>>> print(open('work-v1.txt').read())   # compact mmCIF, C-alpha atoms
# COMPACT_ATOMS: atom_id res chain seq x y z
CA MET F 1 23.44 8.68 -23.65
CA SER F 2 21.77 11.19 -21.32
CA GLN F 3 18.03 10.69 -20.92
CA THR F 4 15.59 13.58 -21.20
CA ILE F 5 12.80 13.73 -18.62
CA VAL F 6 9.73 15.88 -19.22
CA MET F 7 8.43 17.48 -16.02
CA LEU F 8 4.84 18.70 -15.81
CA SER F 9 4.16 21.12 -13.00
CA SER F 10 1.91 24.00 -11.94
CA LEU F 11 4.64 26.56 -11.46
CA ASP F 12 2.36 29.26 -10.14
CA THR F 13 2.09 27.39 -6.82
CA LYS F 14 4.70 24.61 -6.89
CA ALA F 15 7.86 26.33 -8.15
CA ARG F 16 10.06 25.49 -5.14
CA GLU F 17 9.02 21.86 -5.19
CA ALA F 18 9.46 21.64 -8.96
CA GLN F 19 12.93 23.15 -8.73
CA TYR F 20 13.91 20.58 -6.09
CA LEU F 21 12.65 17.69 -8.22
CA LYS F 22 14.40 19.14 -11.27
CA ASP F 23 17.69 19.39 -9.37
CA CYS F 24 17.34 15.81 -8.10
CA ILE F 25 16.81 14.50 -11.62
CA GLU F 26 19.70 16.47 -13.10
CA GLU F 27 22.02 15.34 -10.28
CA GLN F 28 21.53 11.82 -11.64
CA GLY F 29 22.76 12.87 -15.09
CA ALA F 30 19.44 13.30 -16.89
CA LYS F 31 18.26 16.37 -18.72
CA THR F 32 14.92 17.98 -17.90
CA VAL F 33 12.29 19.75 -19.96
CA LEU F 34 9.98 21.75 -17.69
CA VAL F 35 6.41 22.29 -18.92
CA ASP F 36 4.22 24.69 -16.95
CA ILE F 37 0.62 23.44 -16.80
CA GLY F 38 -0.48 25.95 -14.17
CA TYR F 39 -3.07 28.58 -15.05
CA GLY F 40 -2.88 30.81 -11.99
CA GLN F 41 -0.33 33.56 -11.68
CA PRO F 42 2.82 33.66 -13.87
CA ALA F 43 5.48 31.03 -13.11
CA ARG F 44 7.97 31.76 -10.36
CA MET F 45 10.87 30.08 -12.16
CA ALA F 46 12.27 29.66 -15.64
CA THR F 47 10.49 27.13 -17.85
CA THR F 48 11.25 25.30 -21.06
CA ILE F 49 7.64 25.53 -22.20
CA SER F 50 5.59 28.23 -20.53
CA SER F 51 1.92 28.14 -19.61
CA ARG F 52 1.38 30.76 -22.30
CA GLN F 53 2.80 28.40 -24.92
CA VAL F 54 0.67 25.55 -23.55
CA ALA F 55 -2.50 27.65 -23.74
CA ALA F 56 -1.64 28.82 -27.26
CA ALA F 57 -1.22 25.21 -28.39
CA ALA F 58 -4.83 24.61 -27.32
CA GLY F 59 -6.00 27.57 -29.41
CA SER F 60 -6.51 29.82 -26.39
CA ASP F 61 -4.45 32.28 -24.39
CA ILE F 62 -3.38 32.09 -20.78
CA ASP F 63 -4.91 35.44 -19.82
CA SER F 64 -8.37 34.24 -20.88
CA ILE F 65 -7.92 30.92 -19.12
CA ARG F 66 -6.88 32.61 -15.89
CA VAL F 67 -10.19 34.46 -15.59
CA MET F 68 -12.43 31.52 -16.46
CA GLN F 69 -15.06 30.73 -13.84
CA ASP F 70 -15.25 27.12 -15.00
CA THR F 71 -12.05 25.50 -13.71
CA GLY F 72 -12.97 22.28 -15.50
CA GLU F 73 -12.87 24.07 -18.85
CA ALA F 74 -9.61 25.81 -17.94
CA SER F 75 -8.00 22.53 -16.90
CA THR F 76 -9.20 20.80 -20.07
CA LEU F 77 -7.67 23.49 -22.27
CA MET F 78 -4.34 23.27 -20.45
CA MET F 79 -4.42 19.47 -20.80
CA GLN F 80 -5.09 19.72 -24.53
CA GLY F 81 -2.28 22.21 -25.00
CA ALA F 82 0.14 20.19 -22.90
CA ILE F 83 -0.64 17.03 -24.90
CA ILE F 84 0.27 18.86 -28.10
CA LYS F 85 3.53 20.24 -26.66
CA VAL F 86 4.55 16.88 -25.14
CA GLN F 87 3.81 15.12 -28.43
CA GLU F 88 6.10 17.63 -30.16
CA LEU F 89 8.84 16.89 -27.62
CA PHE F 90 8.39 13.15 -28.14
CA SER F 91 8.62 13.47 -31.93
CA GLU F 92 11.82 15.50 -31.49
CA GLY F 93 13.37 12.77 -29.33
CA ARG F 94 13.18 14.93 -26.19
CA CYS F 95 10.89 12.77 -24.05
CA ASP F 96 12.43 9.54 -22.73
CA GLY F 97 10.16 9.68 -19.68
CA ILE F 98 7.66 11.95 -17.97
CA ILE F 99 7.01 12.87 -14.33
CA ALA F 100 4.63 15.09 -12.39
CA PHE F 101 3.45 15.60 -8.82
CA GLY F 102 0.42 17.06 -7.10
CA GLY F 103 -3.03 16.50 -5.63
CA ALA F 104 -6.29 15.52 -7.31
CA SER F 105 -6.41 18.38 -9.84
CA ASN F 106 -2.79 18.14 -10.95
CA THR F 107 -2.96 14.33 -11.00
CA THR F 108 -5.99 14.40 -13.27
CA LEU F 109 -4.40 16.93 -15.63
CA ALA F 110 -0.94 15.36 -15.68
CA THR F 111 -2.05 11.75 -16.13
CA GLY F 112 -4.33 12.92 -18.93
CA VAL F 113 -1.21 14.19 -20.70
CA MET F 114 0.76 11.03 -19.89
CA LYS F 115 -1.91 8.87 -21.52
CA SER F 116 -1.11 10.48 -24.87
CA LEU F 117 2.35 8.88 -24.92
CA PRO F 118 2.89 5.35 -26.27
CA VAL F 119 3.10 2.30 -24.05
CA GLY F 120 6.72 1.73 -23.04
CA ILE F 121 7.58 5.36 -22.34
CA PRO F 122 8.08 5.61 -18.54
CA LYS F 123 5.38 7.66 -16.82
CA LEU F 124 5.50 8.47 -13.10
CA MET F 125 2.93 10.44 -11.09
CA ILE F 126 3.68 11.38 -7.48
CA SER F 127 0.19 11.95 -6.09
CA SER F 128 -1.31 12.68 -2.70
CA ALA F 129 -4.67 11.59 -4.20
CA ALA F 130 -3.51 8.20 -5.48
CA ALA F 131 -5.50 6.25 -2.90
CA MET F 132 -8.85 7.97 -3.51
CA PRO F 133 -11.12 5.10 -4.66
CA ALA F 134 -13.37 7.31 -6.78
CA TYR F 135 -10.46 8.67 -8.80
CA SER F 136 -7.64 6.13 -8.89
CA ALA F 137 -8.91 4.08 -11.84
CA MET F 138 -9.34 7.28 -13.84
CA TYR F 139 -5.69 8.23 -13.27
CA PHE F 140 -4.36 4.94 -14.62
CA GLY F 141 -6.95 4.44 -17.33
CA SER F 142 -5.65 1.77 -19.67
CA MET F 143 -2.09 3.10 -19.87
CA ASP F 144 1.18 2.09 -18.21
CA ILE F 145 1.30 4.93 -15.67
CA THR F 146 3.17 4.34 -12.41
CA ILE F 147 1.71 6.20 -9.44
CA MET F 148 3.63 6.84 -6.23
CA HIS F 149 1.32 7.48 -3.31
CA ALA F 150 2.55 10.57 -1.49
CA VAL F 151 0.86 10.30 1.88
CA VAL F 152 1.31 14.03 2.43
CA ASP F 153 0.46 16.98 0.21
CA ILE F 154 3.49 18.03 -1.84
CA SER F 155 3.24 21.60 -0.64
CA GLY F 156 6.40 23.26 0.59
CA LEU F 157 9.75 21.60 1.21
CA ASN F 158 10.24 19.58 4.37
CA ASP F 159 11.78 16.25 5.29
CA LEU F 160 8.79 14.27 4.02
CA THR F 161 8.17 16.12 0.74
CA ARG F 162 11.88 16.08 -0.05
CA ALA F 163 11.93 12.33 0.51
CA PHE F 164 9.04 11.76 -1.91
CA LEU F 165 10.53 14.05 -4.58
CA GLU F 166 13.96 12.40 -4.23
CA ARG F 167 12.43 8.93 -4.62
CA GLY F 168 10.38 10.14 -7.56
CA ALA F 169 13.51 11.46 -9.25
CA GLY F 170 15.26 8.16 -8.63
CA GLY F 171 12.25 6.27 -9.93
CA ILE F 172 11.88 8.11 -13.24
CA CYS F 173 15.64 8.13 -13.87
CA GLY F 174 15.85 4.43 -13.12
CA MET F 175 12.92 3.63 -15.39
CA THR F 176 14.23 5.65 -18.32
CA SER F 177 17.77 4.29 -17.96
CA ARG F 178 16.41 0.73 -18.18
CA SER F 179 13.77 1.44 -20.79
CA SER F 180 14.10 0.66 -24.47
CA GLY F 181 11.39 3.19 -25.20
CA MET F 182 8.07 2.62 -26.88
CA VAL F 183 7.27 -0.92 -27.97
CA ASP F 184 8.36 -1.21 -31.60
CA PRO F 185 6.09 -3.39 -33.77
CA SER F 186 8.86 -3.75 -36.36
CA ARG F 187 11.13 -5.78 -34.07
CA GLY F 188 9.93 -8.97 -35.68
CA ASP F 189 7.73 -10.63 -33.07
CA LYS F 190 4.55 -12.14 -34.46
CA LEU F 191 2.22 -10.77 -31.80
CA ILE F 192 -1.45 -11.74 -31.52
CA ALA F 193 -3.81 -10.09 -29.02
CA VAL F 194 -6.10 -12.47 -27.13
CA THR F 195 -8.92 -11.54 -24.73
CA SER F 196 -9.99 -13.80 -21.89
CA PHE F 197 -11.74 -14.01 -18.53
CA ARG F 198 -12.35 -16.72 -15.97
CA PHE F 199 -15.27 -18.32 -17.78
CA ALA F 200 -13.34 -18.61 -21.07
CA GLU F 201 -9.91 -19.35 -19.64
CA THR F 202 -9.64 -22.89 -20.97
CA CYS F 203 -10.28 -21.64 -24.50
CA ALA F 204 -7.78 -18.81 -24.14
CA GLN F 205 -5.04 -21.10 -22.83
CA ALA F 206 -5.60 -23.52 -25.72
CA VAL F 207 -5.50 -20.65 -28.24
CA MET F 208 -2.25 -19.34 -26.80
CA ARG F 209 -0.64 -22.79 -26.85
CA GLU F 210 -1.64 -23.33 -30.46
CA LEU F 211 -0.39 -19.89 -31.52
CA LYS F 212 2.96 -20.59 -29.84
CA ARG F 213 3.19 -23.96 -31.58
CA ARG F 214 2.70 -22.20 -34.89
CA GLY F 215 5.34 -19.53 -34.32
CA TYR F 216 3.30 -16.67 -32.86
CA THR F 217 3.36 -14.91 -29.50
CA ALA F 218 -0.01 -14.44 -27.81
CA ILE F 219 -0.46 -11.39 -25.59
CA PRO F 220 -3.44 -11.96 -23.25
CA PHE F 221 -5.73 -9.19 -22.00
CA HIS F 222 -8.14 -9.59 -19.10
CA ALA F 223 -11.62 -8.77 -20.40
CA GLN F 224 -12.77 -6.71 -17.45
CA GLY F 225 -13.24 -3.40 -19.28
CA VAL F 226 -9.93 -1.65 -18.64
CA GLY F 227 -7.98 -4.60 -20.01
CA GLU F 228 -9.99 -4.47 -23.22
CA ASP F 229 -9.37 -0.73 -23.48
CA ALA F 230 -5.65 -1.37 -23.08
CA MET F 231 -5.79 -3.89 -25.91
CA GLU F 232 -7.60 -1.41 -28.16
CA ASN F 233 -4.88 1.18 -27.41
CA LEU F 234 -2.06 -1.21 -28.28
CA VAL F 235 -3.82 -2.47 -31.39
CA ALA F 236 -4.18 1.15 -32.51
CA GLN F 237 -0.40 1.59 -32.07
CA GLY F 238 0.22 -1.18 -34.61
CA LEU F 239 1.71 -3.75 -32.25
CA PHE F 240 -0.26 -6.77 -33.41
CA ARG F 241 -0.70 -8.87 -36.52
CA GLY F 242 -4.14 -10.06 -35.51
CA VAL F 243 -6.71 -10.35 -32.72
CA VAL F 244 -8.47 -13.40 -31.26
CA ASP F 245 -11.25 -11.60 -29.40
CA ILE F 246 -12.60 -14.48 -27.35
CA VAL F 247 -14.34 -12.18 -24.87
CA PRO F 248 -15.53 -8.95 -26.52
CA ALA F 249 -18.06 -8.48 -23.72
CA GLY F 250 -16.85 -5.02 -22.75
CA LEU F 251 -19.11 -3.95 -25.62
CA SER F 252 -22.23 -5.63 -24.24
CA GLU F 253 -21.42 -4.60 -20.67
CA GLN F 254 -21.21 -1.00 -21.86
CA MET F 255 -24.58 -1.37 -23.60
CA LEU F 256 -26.30 -2.99 -20.61
CA GLY F 257 -24.66 -1.18 -17.71
CA GLY F 258 -22.49 -4.02 -16.42
CA ASN F 259 -19.42 -3.80 -14.22
CA ARG F 260 -16.98 -4.75 -16.99
CA ALA F 261 -17.98 -2.01 -19.40
CA SER F 262 -15.29 -0.87 -21.83
CA ARG F 263 -15.16 2.34 -23.83
CA PRO F 264 -17.71 3.09 -26.60
CA ASP F 265 -15.27 2.38 -29.47
CA ARG F 266 -14.66 -1.23 -28.42
CA LEU F 267 -14.26 -3.60 -31.41
CA GLU F 268 -13.07 -0.81 -33.71
CA ALA F 269 -9.26 -0.59 -33.43
CA ALA F 270 -8.35 -3.73 -35.38
CA GLY F 271 -10.60 -2.69 -38.24
CA ARG F 272 -9.14 0.83 -38.30
CA VAL F 273 -5.49 -0.28 -38.46
CA GLY F 274 -6.26 -3.05 -40.94
CA ILE F 275 -5.44 -6.28 -39.13
CA PRO F 276 -7.57 -9.45 -39.14
CA GLN F 277 -9.77 -10.24 -36.17
CA VAL F 278 -11.77 -13.28 -35.10
CA VAL F 279 -14.56 -12.46 -32.64
CA THR F 280 -16.52 -14.93 -30.52
CA THR F 281 -19.62 -14.51 -28.33
CA SER F 282 -18.15 -15.25 -24.91
CA GLY F 283 -19.45 -12.89 -22.25
CA PHE F 284 -22.48 -11.88 -24.29
CA ASP F 285 -24.35 -14.51 -22.27
CA MET F 286 -24.13 -12.54 -19.03
CA ILE F 287 -24.18 -9.16 -17.31
CA SER F 288 -21.61 -8.65 -14.56
CA CYS F 289 -23.50 -6.94 -11.74
CA GLY F 290 -22.03 -7.84 -8.33
CA PRO F 291 -21.54 -7.65 -5.44
CA ALA F 292 -24.21 -10.06 -4.29
CA THR F 293 -25.44 -7.66 -1.61
CA ARG F 294 -26.92 -5.52 -4.39
CA ARG F 295 -29.72 -8.05 -4.80
CA ASP F 296 -31.40 -6.73 -1.66
CA SER F 297 -30.21 -3.13 -1.80
CA GLY F 298 -32.69 -1.64 -4.21
CA ASP F 299 -29.80 -0.72 -6.50
CA ALA F 300 -30.95 0.97 -9.70
CA LEU F 301 -29.17 -1.54 -11.94
CA TRP F 302 -30.90 -4.48 -10.30
CA GLN F 303 -34.27 -2.77 -10.62
CA LYS F 304 -33.75 -1.61 -14.20
CA ARG F 305 -32.67 -5.00 -15.48
CA ALA F 306 -34.83 -7.07 -13.09
CA ILE F 307 -31.67 -8.96 -12.21
CA ALA F 308 -33.23 -10.71 -9.25
CA ASP F 309 -35.70 -12.44 -11.59
CA ARG F 310 -33.03 -13.82 -13.94
CA GLN F 311 -30.83 -16.85 -14.04
CA CYS F 312 -27.80 -15.91 -11.96
CA SER F 313 -24.42 -17.32 -11.13
CA VAL F 314 -22.71 -16.08 -7.96
CA PRO F 315 -19.07 -17.24 -8.03
CA ASP F 316 -18.30 -15.33 -4.83
CA ARG F 317 -19.74 -12.48 -2.76
CA PHE F 318 -18.17 -9.87 -5.04
CA ARG F 319 -19.41 -11.20 -8.36
CA VAL F 320 -22.84 -11.87 -9.79
CA GLU F 321 -23.26 -12.92 -13.42
CA ALA F 322 -26.87 -12.53 -14.60
CA ARG F 323 -28.15 -14.11 -17.80
CA THR F 324 -28.86 -11.84 -20.78
CA THR F 325 -32.29 -12.11 -22.40
CA ALA F 326 -33.02 -12.97 -26.03
CA ASP F 327 -33.89 -9.34 -26.77
CA GLU F 328 -30.58 -8.15 -25.28
CA VAL F 329 -28.63 -10.79 -27.19
CA ALA F 330 -30.31 -9.64 -30.41
CA ASP F 331 -29.35 -6.03 -29.64
CA ILE F 332 -25.77 -7.14 -29.03
CA GLY F 333 -25.75 -8.92 -32.39
CA ARG F 334 -26.77 -5.75 -34.19
CA LYS F 335 -24.14 -3.70 -32.36
CA VAL F 336 -21.38 -6.21 -33.16
CA ALA F 337 -22.38 -6.04 -36.82
CA ASP F 338 -22.26 -2.23 -36.79
CA LYS F 339 -18.73 -2.34 -35.35
CA LEU F 340 -17.36 -4.96 -37.72
CA ASN F 341 -18.93 -3.27 -40.75
CA MET F 342 -16.45 -0.42 -40.19
CA ALA F 343 -13.44 -2.74 -40.47
CA GLU F 344 -10.94 -2.21 -43.26
CA ALA F 345 -9.53 -5.73 -42.89
CA ALA F 346 -10.77 -9.30 -42.71
CA ALA F 347 -13.09 -10.11 -39.83
CA CYS F 348 -14.97 -13.22 -38.79
CA VAL F 349 -17.49 -14.08 -36.07
CA MET F 350 -17.24 -17.62 -34.71
CA VAL F 351 -20.10 -18.86 -32.52
CA PRO F 352 -19.71 -21.95 -30.28
CA VAL F 353 -23.24 -23.32 -30.54
CA MET F 354 -22.99 -25.58 -27.48
CA GLY F 355 -22.14 -22.82 -25.01
CA TRP F 356 -20.51 -19.40 -24.98
CA SER F 357 -18.72 -19.79 -21.65
CA SER F 358 -18.35 -22.26 -18.80
CA LEU F 359 -21.49 -20.72 -17.29
CA SER F 360 -23.78 -21.27 -20.29
CA VAL F 361 -23.06 -24.86 -21.37
CA LYS F 362 -25.74 -27.48 -20.82
CA GLY F 363 -26.34 -28.01 -17.10
CA ALA F 364 -24.64 -24.75 -16.06
CA GLU F 365 -26.41 -21.90 -14.29
CA LEU F 366 -26.73 -19.60 -17.31
CA TYR F 367 -27.63 -22.27 -19.89
CA ASN F 368 -30.26 -20.72 -22.16
CA PRO F 369 -30.00 -21.86 -25.79
CA GLU F 370 -33.15 -19.92 -26.72
CA ALA F 371 -31.48 -16.63 -25.77
CA ASP F 372 -28.25 -17.65 -27.52
CA ALA F 373 -30.19 -18.41 -30.68
CA ALA F 374 -31.22 -14.74 -31.04
CA PHE F 375 -27.65 -13.64 -31.79
CA VAL F 376 -26.81 -14.98 -35.24
CA PRO F 377 -30.03 -13.96 -37.08
CA SER F 378 -29.79 -10.44 -35.66
CA LEU F 379 -26.09 -10.25 -36.56
CA ARG F 380 -26.60 -11.50 -40.12
CA ARG F 381 -29.38 -9.00 -40.85
CA VAL F 382 -26.95 -6.10 -40.36
CA LEU F 383 -23.53 -7.58 -41.11
CA ASN F 384 -21.85 -6.88 -44.45
CA PRO F 385 -21.94 -9.98 -46.70
CA GLY F 386 -18.14 -10.08 -46.92
CA ILE F 387 -17.78 -10.79 -43.20
CA SER F 388 -18.14 -14.47 -42.42
CA VAL F 389 -20.17 -15.97 -39.58
CA ILE F 390 -19.19 -19.51 -38.63
CA GLU F 391 -21.28 -21.57 -36.23
CA VAL F 392 -19.28 -24.39 -34.66
CA GLU F 393 -20.95 -27.38 -33.01
CA ALA F 394 -18.74 -27.18 -29.92
CA GLU F 395 -18.45 -25.55 -26.52
CA LEU F 396 -16.29 -22.43 -26.28
CA ASN F 397 -13.88 -24.12 -23.87
CA SER F 398 -13.12 -27.05 -26.14
CA GLU F 399 -9.85 -27.80 -27.90
CA SER F 400 -11.67 -28.08 -31.21
CA PHE F 401 -13.15 -24.60 -30.96
CA ALA F 402 -9.82 -23.05 -29.89
CA GLY F 403 -8.13 -24.73 -32.84
CA ALA F 404 -10.79 -23.41 -35.21
CA LEU F 405 -10.21 -19.87 -33.92
CA VAL F 406 -6.47 -20.08 -34.58
CA ASP F 407 -6.92 -21.71 -37.98
CA LYS F 408 -9.28 -18.97 -39.11
CA LEU F 409 -7.14 -16.10 -37.86
CA LEU F 410 -3.94 -17.41 -39.44
CA GLU F 411 -5.78 -18.07 -42.69
CA MET F 412 -6.84 -14.42 -42.74
CA ILE F 413 -3.34 -13.20 -41.83
CA GLU F 414 -1.75 -15.23 -44.61
CA THR F 415 -4.16 -13.83 -47.21
CA SER F 416 -4.21 -10.25 -45.93
CA PRO F 417 -2.17 -7.70 -47.93
CA ALA F 418 -2.25 -5.26 -44.99
CA VAL F 419 -0.08 -7.35 -42.66
CA SER F 420 3.67 -7.73 -43.01
CA ASP F 421 6.12 -9.86 -41.06
CA GLY F 422 6.79 -7.13 -38.50
CA GLY F 423 3.30 -5.78 -38.01
CA VAL F 424 0.93 -3.55 -39.92
CA SER F 425 2.49 -2.39 -43.19
>>> encode(input="work-v1.txt", output="structure tokens")
Amino acid sequence: MSQTIVMLSSLDTKAREAQYLKDCIEEQGAKTVLVDIGYGQPARMATTISSRQVAAAAGSDIDSIRVMQDTGEASTLMMQGAIIKVQELFSEGRCDGIIAFGGASNTTLATGVMKSLPVGIPKLMISSAAAMPAYSAMYFGSMDITIMHAVVDISGLNDLTRAFLERGAGGICGMTSRSSGMVDPSRGDKLIAVTSFRFAETCAQAVMRELKRRGYTAIPFHAQGVGEDAMENLVAQGLFRGVVDIVPAGLSEQMLGGNRASRPDRLEAAGRVGIPQVVTTSGFDMISCGPATRRDSGDALWQKRAIADRQCSVPDRFRVEARTTADEVADIGRKVADKLNMAEAAACVMVPVMGWSSLSVKGAELYNPEADAAFVPSLRRVLNPGISVIEVEAELNSESFAGALVDKLLEMIETSPAVSDGGVS
């Protein structure tokens, strides 16, 4: 069956290049749907979806957008309209993959549209701005976008730009021909999302082994901010039957200004889609604030949080983990309660009393049981009575605690009317 590739391009300035890419894709037997996301002059070639249609989808009109002084607002409107039109194409079965090319502006706009498509749909961005450190993480976000670094500006057709466009065409056609499309939660796998990081790895490995033994497949996510955001996205798509959130610390890092901050709606997706979740306290015992050179740099974060005066662990020159205070831990407890109170499914908080990570057990650098003790009272004062809090006399990285996490999650899954054998019902 012929695949259909959606092309996003600014056809006011890149018509020749877009036509060449379109021809390369169609030479390989795929169909193309050309969407004009440019807001300069009218397109210089025929389109499937014009810039006027894109602007109208955003509730605006292209003539008004073209005269806007604020290019950020203009670009945002075109992104919003393009998302709507691409979603329509996807629902019609006319988007097996998506491709775009350009510099910083087009990359920002196009990857913003790509992020609206489900995980599993091939997404390829040919970008001359891919290697810009300040922007690259924004382009990927928490989605499965492939970026090809074009070391030259895709402006005009020459031997180099043709080579990049030809490889891009081959890449997107190859990906779509080998792709089974979006991940389908009804395929029958019993998938459980599990968060982890270095200081909770022993617990995570034990949890995954126990889930496998009991007929489930654990999908691990690195709790470094972006990984947690990716998990929230996939949970929202209905891929999982439950969540073992060993390291929900993207929430506390976002509150305290740490390096592993996740998005503001962390800890909400499972509750919204109605699947059980077990949450622990790992990572709430620290703020990630490296590199170590910041201790002497006068950096605002160090000054604001008085990091230099705290218990610190420095695993290497890039990472510094600074101990959270009792007041901060209490604030985190209240925030966790606020998040879980929104849940429309079973939730449970399990607290390993003898240490929340390998860094905060007795004898370790961040050991501070007085600060840890501020969490549960603060949590209970806000938490809905129907949400259980279980304190376990164990270290986080113990087999007994990992087993308790799995037992509790599977108990909730088995008694939850919202979860079926293939995913969320």
>>> closest_residue(input="work-v1.txt", among="F:Met143, F:Val382, F:Cys24, F:Val119", to="Ser179 of chain F", atoms="all atoms listed in the file")
F:Val119
>>> residues_around(input="work-v1.txt", residues="segment 245-254 of chain F", least_positions_apart="6", cutoff="10 Å", atoms="only C-alpha atoms", output="VMD selection string")
chain F and resid 193 to 197 199 to 201 203 to 204 207 220 to 229 260 to 267 277 to 289 324 328 to 329 331 to 333 335 to 336 339 349 to 350 356 to 357 396 402 405
>>> write_last_selection(input="work-v1.txt", atoms="C-alpha atoms", output="PDB file, in the coordinates of the input")
ATOM      1  CA  ALA F 193      -3.810 -10.090 -29.020  1.00  0.00           C
ATOM      2  CA  VAL F 194      -6.100 -12.470 -27.130  1.00  0.00           C
ATOM      3  CA  THR F 195      -8.920 -11.540 -24.730  1.00  0.00           C
ATOM      4  CA  SER F 196      -9.990 -13.800 -21.890  1.00  0.00           C
ATOM      5  CA  PHE F 197     -11.740 -14.010 -18.530  1.00  0.00           C
ATOM      6  CA  PHE F 199     -15.270 -18.320 -17.780  1.00  0.00           C
ATOM      7  CA  ALA F 200     -13.340 -18.610 -21.070  1.00  0.00           C
ATOM      8  CA  GLU F 201      -9.910 -19.350 -19.640  1.00  0.00           C
ATOM      9  CA  CYS F 203     -10.280 -21.640 -24.500  1.00  0.00           C
ATOM     10  CA  ALA F 204      -7.780 -18.810 -24.140  1.00  0.00           C
ATOM     11  CA  VAL F 207      -5.500 -20.650 -28.240  1.00  0.00           C
ATOM     12  CA  PRO F 220      -3.440 -11.960 -23.250  1.00  0.00           C
ATOM     13  CA  PHE F 221      -5.730  -9.190 -22.000  1.00  0.00           C
ATOM     14  CA  HIS F 222      -8.140  -9.590 -19.100  1.00  0.00           C
ATOM     15  CA  ALA F 223     -11.620  -8.770 -20.400  1.00  0.00           C
ATOM     16  CA  GLN F 224     -12.770  -6.710 -17.450  1.00  0.00           C
ATOM     17  CA  GLY F 225     -13.240  -3.400 -19.280  1.00  0.00           C
ATOM     18  CA  VAL F 226      -9.930  -1.650 -18.640  1.00  0.00           C
ATOM     19  CA  GLY F 227      -7.980  -4.600 -20.010  1.00  0.00           C
ATOM     20  CA  GLU F 228      -9.990  -4.470 -23.220  1.00  0.00           C
ATOM     21  CA  ASP F 229      -9.370  -0.730 -23.480  1.00  0.00           C
ATOM     22  CA  ARG F 260     -16.980  -4.750 -16.990  1.00  0.00           C
ATOM     23  CA  ALA F 261     -17.980  -2.010 -19.400  1.00  0.00           C
ATOM     24  CA  SER F 262     -15.290  -0.870 -21.830  1.00  0.00           C
ATOM     25  CA  ARG F 263     -15.160   2.340 -23.830  1.00  0.00           C
ATOM     26  CA  PRO F 264     -17.710   3.090 -26.600  1.00  0.00           C
ATOM     27  CA  ASP F 265     -15.270   2.380 -29.470  1.00  0.00           C
ATOM     28  CA  ARG F 266     -14.660  -1.230 -28.420  1.00  0.00           C
ATOM     29  CA  LEU F 267     -14.260  -3.600 -31.410  1.00  0.00           C
ATOM     30  CA  GLN F 277      -9.770 -10.240 -36.170  1.00  0.00           C
ATOM     31  CA  VAL F 278     -11.770 -13.280 -35.100  1.00  0.00           C
ATOM     32  CA  VAL F 279     -14.560 -12.460 -32.640  1.00  0.00           C
ATOM     33  CA  THR F 280     -16.520 -14.930 -30.520  1.00  0.00           C
ATOM     34  CA  THR F 281     -19.620 -14.510 -28.330  1.00  0.00           C
ATOM     35  CA  SER F 282     -18.150 -15.250 -24.910  1.00  0.00           C
ATOM     36  CA  GLY F 283     -19.450 -12.890 -22.250  1.00  0.00           C
ATOM     37  CA  PHE F 284     -22.480 -11.880 -24.290  1.00  0.00           C
ATOM     38  CA  ASP F 285     -24.350 -14.510 -22.270  1.00  0.00           C
ATOM     39  CA  MET F 286     -24.130 -12.540 -19.030  1.00  0.00           C
ATOM     40  CA  ILE F 287     -24.180  -9.160 -17.310  1.00  0.00           C
ATOM     41  CA  SER F 288     -21.610  -8.650 -14.560  1.00  0.00           C
ATOM     42  CA  CYS F 289     -23.500  -6.940 -11.740  1.00  0.00           C
ATOM     43  CA  THR F 324     -28.860 -11.840 -20.780  1.00  0.00           C
ATOM     44  CA  GLU F 328     -30.580  -8.150 -25.280  1.00  0.00           C
ATOM     45  CA  VAL F 329     -28.630 -10.790 -27.190  1.00  0.00           C
ATOM     46  CA  ASP F 331     -29.350  -6.030 -29.640  1.00  0.00           C
ATOM     47  CA  ILE F 332     -25.770  -7.140 -29.030  1.00  0.00           C
ATOM     48  CA  GLY F 333     -25.750  -8.920 -32.390  1.00  0.00           C
ATOM     49  CA  LYS F 335     -24.140  -3.700 -32.360  1.00  0.00           C
ATOM     50  CA  VAL F 336     -21.380  -6.210 -33.160  1.00  0.00           C
ATOM     51  CA  LYS F 339     -18.730  -2.340 -35.350  1.00  0.00           C
ATOM     52  CA  VAL F 349     -17.490 -14.080 -36.070  1.00  0.00           C
ATOM     53  CA  MET F 350     -17.240 -17.620 -34.710  1.00  0.00           C
ATOM     54  CA  TRP F 356     -20.510 -19.400 -24.980  1.00  0.00           C
ATOM     55  CA  SER F 357     -18.720 -19.790 -21.650  1.00  0.00           C
ATOM     56  CA  LEU F 396     -16.290 -22.430 -26.280  1.00  0.00           C
ATOM     57  CA  ALA F 402      -9.820 -23.050 -29.890  1.00  0.00           C
ATOM     58  CA  LEU F 405     -10.210 -19.870 -33.920  1.00  0.00           C
TER      59      LEU F 405
END
>>> atom_distance(input="work-v1.txt", atom1="atom CA of Gly81 of chain F", atom2="atom CA of Ala55 of chain F")
5.6 Å
>>> atom_distance(input="work-v1.txt", atom1="atom CA of Gly141 of chain F", atom2="atom CA of Arg241 of chain F")
24.2 Å
>>> atom_distance(input="work-v1.txt", atom1="atom CA of Thr48 of chain F", atom2="atom CA of Thr76 of chain F")
21.0 Å
>>> closest_residue(input="work-v1.txt", among="F:Ile192, F:Leu340, F:Ala326, F:Leu117", to="Ala374 of chain F", atoms="all atoms listed in the file")
F:Ala326
>>> closest_residue(input="work-v1.txt", among="F:Asn397, F:Ser313, F:Ser75, F:Ser127", to="Val151 of chain F", atoms="all atoms listed in the file")
F:Ser127
>>> closest_residue(input="work-v1.txt", among="F:Pro122, F:Pro385, F:Gly257, F:Gly40", to="Ile65 of chain F", atoms="only C-alpha atoms")
F:Gly40
